[in-house]
Every structure is written in structure tokens, then in C-alpha cells.
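Data file: data24.tsv. Format and content: TSV, C-alpha atoms.
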chain	number	residue	atom	x	y	z
A	16	MET	CA	-21.42	-17.19	15.95
A	17	LYS	CA	-20.32	-20.68	14.99
A	18	PHE	CA	-17.28	-20.88	12.72
A	19	ARG	CA	-17.71	-23.01	9.61
A	20	LEU	CA	-15.22	-23.99	6.97
A	21	PRO	CA	-16.08	-23.22	3.34
A	22	PRO	CA	-17.97	-26.16	1.78
A	23	TRP	CA	-15.14	-26.91	-0.67
A	24	ILE	CA	-12.66	-27.60	2.16
A	25	ARG	CA	-12.51	-31.24	3.23
A	26	PRO	CA	-11.57	-31.58	6.91
A	27	ARG	CA	-9.64	-34.79	6.28
A	28	ALA	CA	-7.35	-33.04	3.80
A	29	ALA	CA	-6.69	-30.18	6.23
A	30	ILE	CA	-6.01	-32.60	9.08
A	31	ALA	CA	-3.66	-34.67	6.91
A	32	LEU	CA	-1.67	-31.58	5.96
A	33	LEU	CA	-1.50	-30.44	9.59
A	34	VAL	CA	-0.31	-33.85	10.81
A	35	ALA	CA	2.34	-34.05	8.08
A	36	CYS	CA	3.63	-30.59	8.99
A	37	VAL	CA	3.80	-31.43	12.70
A	38	VAL	CA	5.73	-34.65	12.02
A	39	LEU	CA	8.19	-32.88	9.72
A	40	ALA	CA	8.57	-30.00	12.16
A	41	ILE	CA	9.49	-32.14	15.15
A	42	GLY	CA	11.54	-34.67	13.18
A	43	PRO	CA	14.86	-32.74	13.32
A	44	LEU	CA	14.37	-32.18	17.06
A	45	LEU	CA	14.26	-35.93	17.66
A	46	HIS	CA	17.07	-36.98	15.33
A	47	GLU	CA	19.54	-34.57	13.75
A	48	ASP	CA	21.24	-35.48	10.46
A	49	VAL	CA	22.80	-32.50	8.70
A	50	TYR	CA	22.69	-34.05	5.24
A	51	VAL	CA	19.04	-35.11	5.51
A	52	HIS	CA	18.20	-31.76	7.11
A	53	ASN	CA	19.65	-29.82	4.16
A	54	LEU	CA	18.14	-32.19	1.61
A	55	LEU	CA	14.67	-31.75	3.10
A	56	THR	CA	15.08	-27.97	3.09
A	57	LEU	CA	15.88	-28.03	-0.63
A	58	THR	CA	12.93	-30.36	-1.16
A	59	PHE	CA	10.58	-27.91	0.58
A	60	ILE	CA	11.68	-25.05	-1.66
A	61	GLY	CA	11.29	-27.33	-4.68
A	62	ILE	CA	7.77	-28.26	-3.62
A	63	ALA	CA	6.73	-24.61	-3.22
A	64	ALA	CA	8.22	-23.62	-6.59
A	65	ALA	CA	6.75	-26.61	-8.44
A	66	LEU	CA	3.28	-25.97	-7.03
A	67	ALA	CA	3.51	-22.28	-7.93
A	68	TRP	CA	4.49	-23.19	-11.50
A	69	ASN	CA	1.57	-25.63	-11.65
A	70	TRP	CA	-0.95	-22.87	-10.96
A	71	LEU	CA	-0.11	-21.44	-14.36
A	72	GLY	CA	1.09	-24.50	-16.26
A	73	GLY	CA	-1.41	-26.98	-14.86
A	74	TYR	CA	-4.50	-25.08	-13.77
A	75	LEU	CA	-4.53	-22.66	-16.71
A	76	GLY	CA	-2.74	-24.86	-19.23
A	77	GLN	CA	-0.19	-22.13	-20.00
A	78	VAL	CA	3.12	-24.01	-19.87
A	79	SER	CA	5.89	-21.58	-18.96
A	80	PHE	CA	9.58	-22.14	-19.64
A	81	GLY	CA	10.55	-18.74	-18.25
A	82	HIS	CA	9.71	-18.87	-14.55
A	83	ALA	CA	13.40	-18.65	-13.72
A	84	ALA	CA	13.06	-14.94	-14.56
A	85	MET	CA	10.79	-14.42	-11.52
A	86	PHE	CA	12.97	-16.69	-9.40
A	87	GLY	CA	16.04	-14.59	-10.20
A	88	ILE	CA	14.26	-11.27	-9.80
A	89	GLY	CA	12.90	-12.32	-6.41
A	90	GLY	CA	16.31	-13.54	-5.29
A	91	PHE	CA	18.25	-10.43	-6.30
A	92	VAL	CA	15.62	-7.97	-5.08
A	93	SER	CA	15.49	-9.67	-1.68
A	94	ALA	CA	19.30	-9.75	-1.55
A	95	ARG	CA	19.47	-6.03	-2.36
A	96	ALA	CA	16.79	-5.30	0.24
A	97	GLU	CA	18.92	-7.02	2.87
A	98	LEU	CA	22.25	-5.55	1.78
A	99	SER	CA	21.27	-2.00	0.86
A	100	VAL	CA	18.27	-1.26	3.06
A	101	GLY	CA	18.90	-3.65	5.92
A	102	ALA	CA	15.48	-5.24	5.64
A	103	PRO	CA	14.82	-8.33	7.79
A	104	MET	CA	15.25	-11.59	5.93
A	105	VAL	CA	11.61	-12.67	5.73
A	106	LEU	CA	10.44	-9.15	4.82
A	107	ALA	CA	13.08	-9.08	2.08
A	108	TRP	CA	11.66	-12.33	0.68
A	109	PHE	CA	8.19	-10.84	0.42
A	110	ILE	CA	9.51	-7.65	-1.16
A	111	GLY	CA	11.29	-9.78	-3.74
A	112	GLY	CA	8.13	-11.82	-4.27
A	113	ILE	CA	5.95	-8.77	-4.88
A	114	VAL	CA	8.46	-7.29	-7.32
A	115	ALA	CA	8.71	-10.65	-9.10
A	116	GLY	CA	4.91	-10.87	-9.35
A	117	ALA	CA	4.73	-7.33	-10.75
A	118	PHE	CA	7.46	-8.20	-13.26
A	119	ALA	CA	5.46	-11.28	-14.28
A	120	LEU	CA	2.45	-9.08	-15.00
A	121	VAL	CA	4.54	-6.69	-17.11
A	122	TRP	CA	5.41	-9.37	-19.64
A	123	GLY	CA	2.58	-11.78	-18.89
A	124	HIS	CA	-0.46	-9.53	-19.30
A	125	PRO	CA	0.03	-9.22	-23.09
A	126	THR	CA	1.67	-12.64	-23.50
A	127	LEU	CA	-1.18	-14.58	-21.89
A	128	ARG	CA	-3.28	-13.82	-24.94
A	129	LEU	CA	-1.14	-16.39	-26.72
A	130	ARG	CA	-2.12	-20.02	-26.27
A	131	GLY	CA	-0.34	-23.34	-26.39
A	132	PRO	CA	3.17	-23.50	-27.86
A	133	TYR	CA	3.14	-19.81	-28.78
A	134	PHE	CA	2.95	-18.83	-25.12
A	135	SER	CA	5.66	-21.35	-24.21
A	136	ILE	CA	8.01	-19.98	-26.88
A	137	ALA	CA	7.36	-16.44	-25.67
A	138	THR	CA	8.27	-17.39	-22.10
A	139	ILE	CA	11.59	-18.83	-23.30
A	140	GLY	CA	12.37	-15.45	-24.87
A	141	VAL	CA	11.38	-13.60	-21.71
A	142	GLY	CA	13.53	-15.83	-19.54
A	143	GLU	CA	16.62	-15.54	-21.74
A	144	ALA	CA	16.22	-11.78	-22.22
A	145	THR	CA	15.92	-11.30	-18.46
A	146	ARG	CA	19.01	-13.42	-17.88
A	147	LEU	CA	21.10	-11.40	-20.35
A	148	VAL	CA	19.94	-8.02	-19.02
A	149	CYS	CA	20.58	-8.99	-15.41
A	150	THR	CA	23.97	-10.49	-16.24
A	151	TYR	CA	25.20	-7.11	-17.50
A	152	TRP	CA	23.35	-5.09	-14.84
A	153	ASP	CA	26.28	-4.95	-12.43
A	154	SER	CA	24.77	-2.42	-10.06
A	155	PHE	CA	21.78	-4.72	-9.43
A	156	THR	CA	23.10	-8.27	-9.67
A	157	GLY	CA	26.84	-7.79	-9.33
A	158	GLY	CA	27.28	-9.13	-12.85
A	159	SER	CA	29.21	-12.35	-13.24
A	160	SER	CA	30.61	-11.88	-9.72
A	161	GLY	CA	27.15	-12.15	-8.16
A	162	LEU	CA	26.14	-11.08	-4.67
A	163	SER	CA	27.20	-12.43	-1.29
A	164	LEU	CA	24.87	-12.22	1.70
A	165	PRO	CA	25.86	-12.27	5.37
A	166	VAL	CA	26.48	-15.78	6.67
A	167	HIS	CA	24.98	-16.74	10.02
A	168	GLY	CA	26.16	-19.80	11.90
A	169	ASP	CA	22.81	-21.57	12.33
A	170	LEU	CA	20.94	-19.98	9.41
A	171	LYS	CA	20.67	-23.14	7.31
A	172	HIS	CA	19.39	-25.05	10.31
A	173	THR	CA	16.71	-22.45	10.99
A	174	LEU	CA	15.63	-22.19	7.35
A	175	TYR	CA	14.35	-25.76	7.49
A	176	TRP	CA	11.24	-24.62	9.36
A	177	TYR	CA	10.78	-21.59	7.13
A	178	GLY	CA	10.93	-23.89	4.11
A	179	LEU	CA	8.37	-26.22	5.67
A	180	VAL	CA	5.96	-23.32	6.25
A	181	LEU	CA	6.48	-22.09	2.68
A	182	ALA	CA	5.80	-25.54	1.21
A	183	ALA	CA	2.70	-25.99	3.41
A	184	LEU	CA	1.31	-22.59	2.38
A	185	ALA	CA	1.90	-23.37	-1.29
A	186	LEU	CA	0.10	-26.71	-0.92
A	187	ALA	CA	-2.82	-25.06	0.87
A	188	ALA	CA	-3.01	-22.41	-1.86
A	189	SER	CA	-3.00	-25.15	-4.52
A	190	TYR	CA	-5.89	-26.84	-2.76
A	191	ALA	CA	-7.81	-23.57	-2.49
A	192	LEU	CA	-7.26	-22.69	-6.15
A	193	ARG	CA	-8.29	-26.16	-7.29
A	194	ARG	CA	-11.28	-26.83	-5.06
A	195	SER	CA	-12.83	-23.36	-4.70
A	196	PRO	CA	-15.16	-21.71	-7.23
A	197	VAL	CA	-12.08	-19.98	-8.65
A	198	GLY	CA	-10.84	-23.41	-9.69
A	199	LEU	CA	-13.98	-23.97	-11.76
A	200	SER	CA	-13.33	-20.70	-13.54
A	201	LEU	CA	-9.72	-21.71	-14.20
A	202	LEU	CA	-10.99	-25.02	-15.57
A	203	ALA	CA	-13.29	-23.17	-17.95
A	204	ILE	CA	-10.44	-20.92	-19.12
A	205	LYS	CA	-8.14	-23.89	-19.65
A	206	SER	CA	-10.78	-25.71	-21.66
A	207	ASP	CA	-11.82	-22.80	-23.87
A	208	VAL	CA	-11.14	-19.12	-23.18
A	209	GLU	CA	-13.85	-17.83	-25.49
A	210	ALA	CA	-16.48	-20.18	-24.10
A	211	ALA	CA	-15.52	-19.17	-20.58
A	212	SER	CA	-15.98	-15.50	-21.47
A	213	ASP	CA	-19.39	-16.33	-22.97
A	214	VAL	CA	-20.60	-17.69	-19.63
A	215	GLY	CA	-19.33	-14.70	-17.65
A	216	VAL	CA	-15.85	-15.79	-16.56
A	217	SER	CA	-13.39	-12.87	-16.48
A	218	SER	CA	-10.53	-14.71	-18.17
A	219	THR	CA	-8.14	-11.75	-18.34
A	220	ARG	CA	-8.50	-10.85	-14.68
A	221	LEU	CA	-8.17	-14.43	-13.46
A	222	GLN	CA	-5.18	-15.20	-15.68
A	223	ASP	CA	-3.42	-12.07	-14.42
A	224	LEU	CA	-4.25	-13.04	-10.83
A	225	VAL	CA	-2.86	-16.57	-11.21
A	226	LEU	CA	0.24	-15.27	-12.98
A	227	PHE	CA	0.87	-12.76	-10.20
A	228	LEU	CA	0.41	-15.39	-7.49
A	229	SER	CA	2.65	-17.82	-9.34
A	230	GLY	CA	5.36	-15.23	-10.02
A	231	SER	CA	5.23	-13.88	-6.46
A	232	THR	CA	5.57	-17.33	-4.90
A	233	ILE	CA	8.45	-18.19	-7.22
A	234	GLY	CA	10.03	-14.84	-6.25
A	235	VAL	CA	9.75	-15.68	-2.54
A	236	CYS	CA	11.40	-19.02	-3.31
A	237	GLY	CA	14.20	-17.10	-5.02
A	238	GLY	CA	14.69	-14.98	-1.91
A	239	PHE	CA	14.72	-18.10	0.25
A	240	TYR	CA	17.32	-19.65	-2.07
A	241	ALA	CA	19.51	-16.56	-1.81
A	242	SER	CA	19.39	-16.63	2.00
A	243	TYR	CA	20.02	-20.36	2.12
A	244	PHE	CA	23.17	-20.34	-0.03
A	245	SER	CA	24.28	-16.80	0.95
A	246	TYR	CA	25.56	-16.29	-2.59
A	247	ILE	CA	23.75	-15.88	-5.91
A	248	GLU	CA	24.80	-15.07	-9.46
A	249	PRO	CA	22.73	-14.50	-12.64
A	250	GLY	CA	23.82	-17.61	-14.50
A	251	ASP	CA	22.45	-19.81	-11.74
A	252	MET	CA	19.35	-17.85	-10.76
A	253	PHE	CA	18.10	-17.19	-14.31
A	254	GLY	CA	19.32	-20.45	-15.89
A	255	PHE	CA	17.03	-22.20	-18.36
A	256	ASP	CA	17.64	-25.51	-16.62
A	257	ARG	CA	15.96	-24.08	-13.52
A	258	SER	CA	12.75	-23.43	-15.46
A	259	ILE	CA	12.94	-26.89	-16.98
A	260	SER	CA	13.28	-28.44	-13.53
A	261	TRP	CA	9.87	-27.10	-12.45
A	262	VAL	CA	8.30	-28.40	-15.66
A	263	LEU	CA	9.83	-31.81	-14.93
A	264	MET	CA	8.53	-31.78	-11.37
A	265	GLY	CA	5.02	-31.11	-12.65
A	266	VAL	CA	5.23	-33.73	-15.39
A	267	ILE	CA	6.64	-36.41	-13.06
A	268	GLY	CA	4.02	-35.81	-10.38
A	269	GLY	CA	1.04	-34.91	-12.57
A	270	ILE	CA	0.37	-31.53	-14.17
A	271	GLY	CA	-2.91	-29.97	-13.12
A	272	THR	CA	-3.30	-31.97	-9.90
A	273	ILE	CA	-3.24	-30.54	-6.40
A	274	ALA	CA	-0.32	-32.39	-4.86
A	275	GLY	CA	1.19	-34.09	-7.91
A	276	PRO	CA	3.93	-31.47	-8.46
A	277	ALA	CA	4.85	-31.75	-4.77
A	278	LEU	CA	5.40	-35.48	-5.22
A	279	GLY	CA	7.32	-34.77	-8.42
A	280	ALA	CA	9.53	-32.28	-6.57
A	281	ILE	CA	10.42	-34.88	-3.95
A	282	ILE	CA	11.38	-37.42	-6.63
A	283	PHE	CA	13.23	-34.81	-8.66
A	284	VAL	CA	15.36	-33.45	-5.80
A	285	LEU	CA	16.38	-36.91	-4.65
A	286	LEU	CA	17.10	-38.02	-8.21
A	287	ARG	CA	19.10	-34.87	-8.93
A	288	GLN	CA	21.34	-35.42	-5.93
A	289	TYR	CA	22.11	-38.94	-7.14
A	290	LEU	CA	22.64	-38.02	-10.79
A	291	ILE	CA	24.87	-35.03	-10.08
A	292	ALA	CA	27.04	-37.19	-7.83
A	293	SER	CA	27.15	-40.16	-10.24
A	294	TYR	CA	26.78	-38.68	-13.74
A	295	PRO	CA	27.71	-34.97	-13.57
A	296	GLN	CA	28.12	-34.68	-17.35
A	297	LEU	CA	24.94	-36.50	-18.31
A	298	TYR	CA	22.31	-35.55	-15.76
A	299	LEU	CA	20.60	-32.92	-17.94
A	300	GLY	CA	20.32	-35.41	-20.78
A	301	LEU	CA	18.89	-37.98	-18.38
A	302	TYR	CA	16.31	-35.40	-17.28
A	303	GLY	CA	15.25	-34.99	-20.91
A	304	LEU	CA	15.02	-38.74	-21.39
A	305	LEU	CA	12.91	-39.04	-18.24
A	306	LEU	CA	10.59	-36.29	-19.48
A	307	VAL	CA	10.09	-38.06	-22.83
A	308	LEU	CA	9.41	-41.42	-21.17
A	309	VAL	CA	6.87	-39.99	-18.74
A	310	ILE	CA	5.02	-38.13	-21.50
A	311	LEU	CA	4.95	-41.22	-23.74
A	312	PHE	CA	3.95	-43.86	-21.21
A	313	GLU	CA	2.28	-41.97	-18.33
A	314	PRO	CA	1.12	-38.48	-19.40
A	315	LEU	CA	-0.60	-37.89	-16.05
A	316	GLY	CA	2.58	-38.66	-14.11
A	317	LEU	CA	2.73	-40.53	-10.82
A	318	THR	CA	-0.71	-39.24	-9.86
A	319	GLY	CA	-2.23	-40.80	-12.97
A	320	LEU	CA	-0.43	-44.06	-12.26
A	321	PHE	CA	-1.71	-44.05	-8.68
A	322	LEU	CA	-5.30	-43.41	-9.78
A	323	ARG	CA	-5.10	-46.17	-12.39
A	324	ILE	CA	-3.84	-48.69	-9.83
A	325	VAL	CA	-6.54	-47.75	-7.34
A	326	HIS	CA	-9.23	-47.88	-10.03
A	327	ARG	CA	-8.18	-51.37	-11.09
A	328	ALA	CA	-8.00	-52.59	-7.51
A	329	ARG	CA	-11.26	-50.93	-6.42
A	330	PRO	CA	-13.42	-49.93	-9.41
A	331	ASP	CA	-16.18	-48.82	-7.04
A	332	LEU	CA	-13.92	-46.47	-5.08
A	333	MET	CA	-13.86	-42.78	-5.98
A	334	VAL	CA	-10.42	-41.33	-5.27
A	335	SER	CA	-10.46	-37.72	-4.16
A	336	GLY	CA	-8.66	-35.38	-1.84
A	337	PRO	CA	-5.27	-33.70	-2.05
A	338	VAL	CA	-4.26	-35.93	-5.00
A	339	GLU	CA	-6.90	-35.68	-7.68
A	340	GLU	CA	-7.46	-35.97	-11.39
A	341	PRO	CA	-6.04	-33.22	-13.59
A	342	LEU	CA	-8.25	-30.32	-14.55
A	343	SER	CA	-8.35	-31.50	-18.15
A	344	ALA	CA	-10.16	-34.64	-17.06
A	345	THR	CA	-13.34	-32.65	-16.41
A	346	ALA	CA	-13.01	-30.13	-19.20
A	347	THR	CA	-15.59	-31.70	-21.51
A	348	PRO	CA	-18.74	-29.92	-20.20
A	349	VAL	CA	-17.39	-26.47	-21.10
A	350	ALA	CA	-16.60	-27.51	-24.66
A	351	GLU	CA	-20.02	-29.15	-24.98
A	352	THR	CA	-21.68	-25.95	-23.78
A	353	ARG	CA	-20.06	-23.97	-26.54
A	354	GLU	CA	-20.99	-26.55	-29.19
A	355	ALA	CA	-24.58	-26.46	-28.02
A	356	LYS	CA	-24.67	-22.73	-28.71

As C-alpha cells, the full file:
Amino acid sequence: MKFRLPPWIRPRAAIALLVACVVLAIGPLLHEDVYVHNLLTLTFIGIAAALAWNWLGGYLGQVSFGHAAMFGIGGFVSARAELSVGAPMVLAWFIGGIVAGAFALVWGHPTLRLRGPYFSIATIGVGEATRLVCTYWDSFTGGSSGLSLPVHGDLKHTLYWYGLVLAALALAASYALRRSPVGLSLLAIKSDVEAASDVGVSSTRLQDLVLFLSGSTIGVCGGFYASYFSYIEPGDMFGFDRSISWVLMGVIGGIGTIAGPALGAIIFVLLRQYLIASYPQLYLGLYGLLLVLVILFEPLGLTGLFLRIVHRARPDLMVSGPVEEPLSATATPVAETREAK
């Protein structure tokens, strides 16, 4: 029996991802730079988290400001699994991710019935409530003292490749969610939930599925973060600025695109390193200013800018592949279907 890829998978996109992963995997073996090595590892975890946030905020249009809750839950659960049960590191990450995804469903299943700013405000409340509860839950998080994990000599060096795999899997999942028939259903839900239900799309089931996948991936990222730094505390893991950072990554790169948030994560991590070193008291304010400027002058982020440049240079060229137009760009047919009824 001859193996065939699903029709929505473009071989060139898969080959490009594979080549990029191979180059990044062998890079440290050819030239070792500890600073660049650590910076790339943090970039990989940022890419995975930003893409996971984009599944909810970009594909469904439900902008969340509370994803730090799942990040913290995943980090502390994985840390406890390692410390109390002796679970292997990678298994502990997945345990933390599953618990984080389940926690996301607990608050998200009823909250996803809210739309627009109401959902965003609710996620802020969830994130802050989770932070306060976990700060005073000493037996779970260690309170303000946090938790310390065992330190291994070459752990940070090894985590580079784990981070690369995690980022690659998140990018592949983004492609699958966007290009597969599930992506069309998500597009319909984002455009109009009621109209999507009228044409047979199970909006509740799909929204819960995307929220679980997003929360689980963010939870795995939290476990990775805990292992990488070998110390975590609630103020850092559940901080509101962490949730804002993923929103910024999506906005900079292009919310609703396949690889836009990954590009935004790369820019964000590099920019953060520079701002923290140069303007430690102002960097959060500069983030806010950057967010306002991008929304005012380039709402589709760097992806939108790239598509505009290509369109002006080659009007006859259709740009497609890993970097594509946001979901909202093709949302008109669903709305027109409902009006026709």
C-alpha cells in the first residue's frame, strides 16, 4: 500500500521545516557559543508558547490574557512530579501539560461562551486568581520561597535539542490546525459562532479541544522552563507580564497566521534581552508602546508587512505556505451565508 500525505499538507512546507530543524540541530555541534546556545533555547520555548497561544487567540479569535495560569500549573506540577514521585523529566513535563490542559477546561468551558473583550477580561481574572491561590498554597508551590529542582551539569546544554523538538512540534501542529478541515471549522467559529452551528460545526467541542491543546502545550512549556532554570516561584510563573508577552509575540508576528507568532517570538526574545540589559526600569513600558504602534500601523504584524511587500513587488504572485494570511482575511463567506438565510 502506497503511503500518501493528506491533501492539505504541502511537501515544500514539510521539507522546509525539516531542513531548518536539521540545521539548527547540528549548529551547536559545529560551533559552540554558550550565550547563543542559551538564547536559542529560550527562543524555542518562546516559539512553542506563542504558537500555542495563537491557536486560541488567533485561530478562534478568543484573546487570552491568562495563559500564564496554565504555564505556572504545568511548571509546578512537573516540578512536583520530579521531586515527590521521581518521574523522569520529560514524563513530568507531559504530566504537567495534561494537568494544565484539564485546568484550562475547568475555567474555559463556561468562559468560552463569552466573546470578544468579555472573554479577555475573564481570563485576566482567572490568571490573577490562580496566581494568588498558588502563592499561598505552600505545600504545592513552596509559597514565596518557590521550588528548587536538581541541577545537572550539562542539563541546559541538552535542553537545547528538547526545545528545538518542542518548537518544531508546535509549528507542525499550527500548520495542521490551520490547513486541515479542522481549520475551516475554526475559521467558521471565529467568524460567527451561531452561523457555524447552523451549518453543522460543533463549536463547543472544537473550542474545548483547541483550549485543551493550547493549555497543555503551554503547560509543557512551563515544565520545560522549570527544568531549564531549576528554580521556579509563583510570582514569576503566574505573572501577568508573562501572558502579555505571548500576546505581544502574536501581534508582532501576525495573529492568526501559521508561523507569524514564531517570528514574533524570535523578535521578542532578542528585543527583551537588549531592553532588560539597557533599560531595566522601562522595558515593560516599551513593550506597551511597541504593541500600540504595531496595532495602529501594521495590524497584521510582520506577516502582513511581508505579504504587502510581496504583493506590491509581484501582484501576480500568490503567497502561501507556512506564512499565510490571517484567518480573518477569509471570514467573509461564512458571514454572507448567514445573511443569505

Close residues, range 68-71 of chain A itself excluded, 7 Å, all atoms listed in the file, min 6 positions apart in chain, as a ChimeraX atom specification = /A:77-78,225-226,229,261,265,270-271

message = At a cut-off of 12 Å, using all atoms listed in the file, what residues contact Gly198 in chain A? Leave out same-chain residues fewer than 2 positions from it and give the result as a ChimeraX atom specification.
response = /A:23,70-71,73-75,188-196,200-205,216,221-222,225,271-273,341-343,345-346

request  = Fewer than 4 positions away in the same chain doesn't count, so skip those; otherwise give me all residues within 12 Å of Cys149 in chain A, counting only C-alpha atoms, as a ChimeraX atom specification.
outcome  = /A:84-85,87-88,90-92,142-145,153-161,248-254

message = List the spatial neighbours of Ala107 in chain A as JSON, numbers by chain - criterion: any atom at most 12 Å away, all atoms listed in the file, same-chain residues fewer than 2 positions off excluded.
response = {"A": [89, 90, 91, 92, 93, 94, 95, 96, 97, 98, 99, 100, 101, 102, 103, 104, 105, 109, 110, 111, 112, 113, 114, 234, 235, 236, 237, 238, 239, 241, 242]}

ask   = Taking into account only C-alpha atoms, which residue in the set A:Ser206, A:Leu147, A:Leu199, A:Leu162 is nearest to Arg130 in chain A?
value = A:Ser206

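Between CA of Ile139 in chain A and CA of Arg287 in chain A the separation is 22.8 Å.
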
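Going from CA of Thr232 in chain A to CA of Ile60 in chain A covers 10.4 Å.
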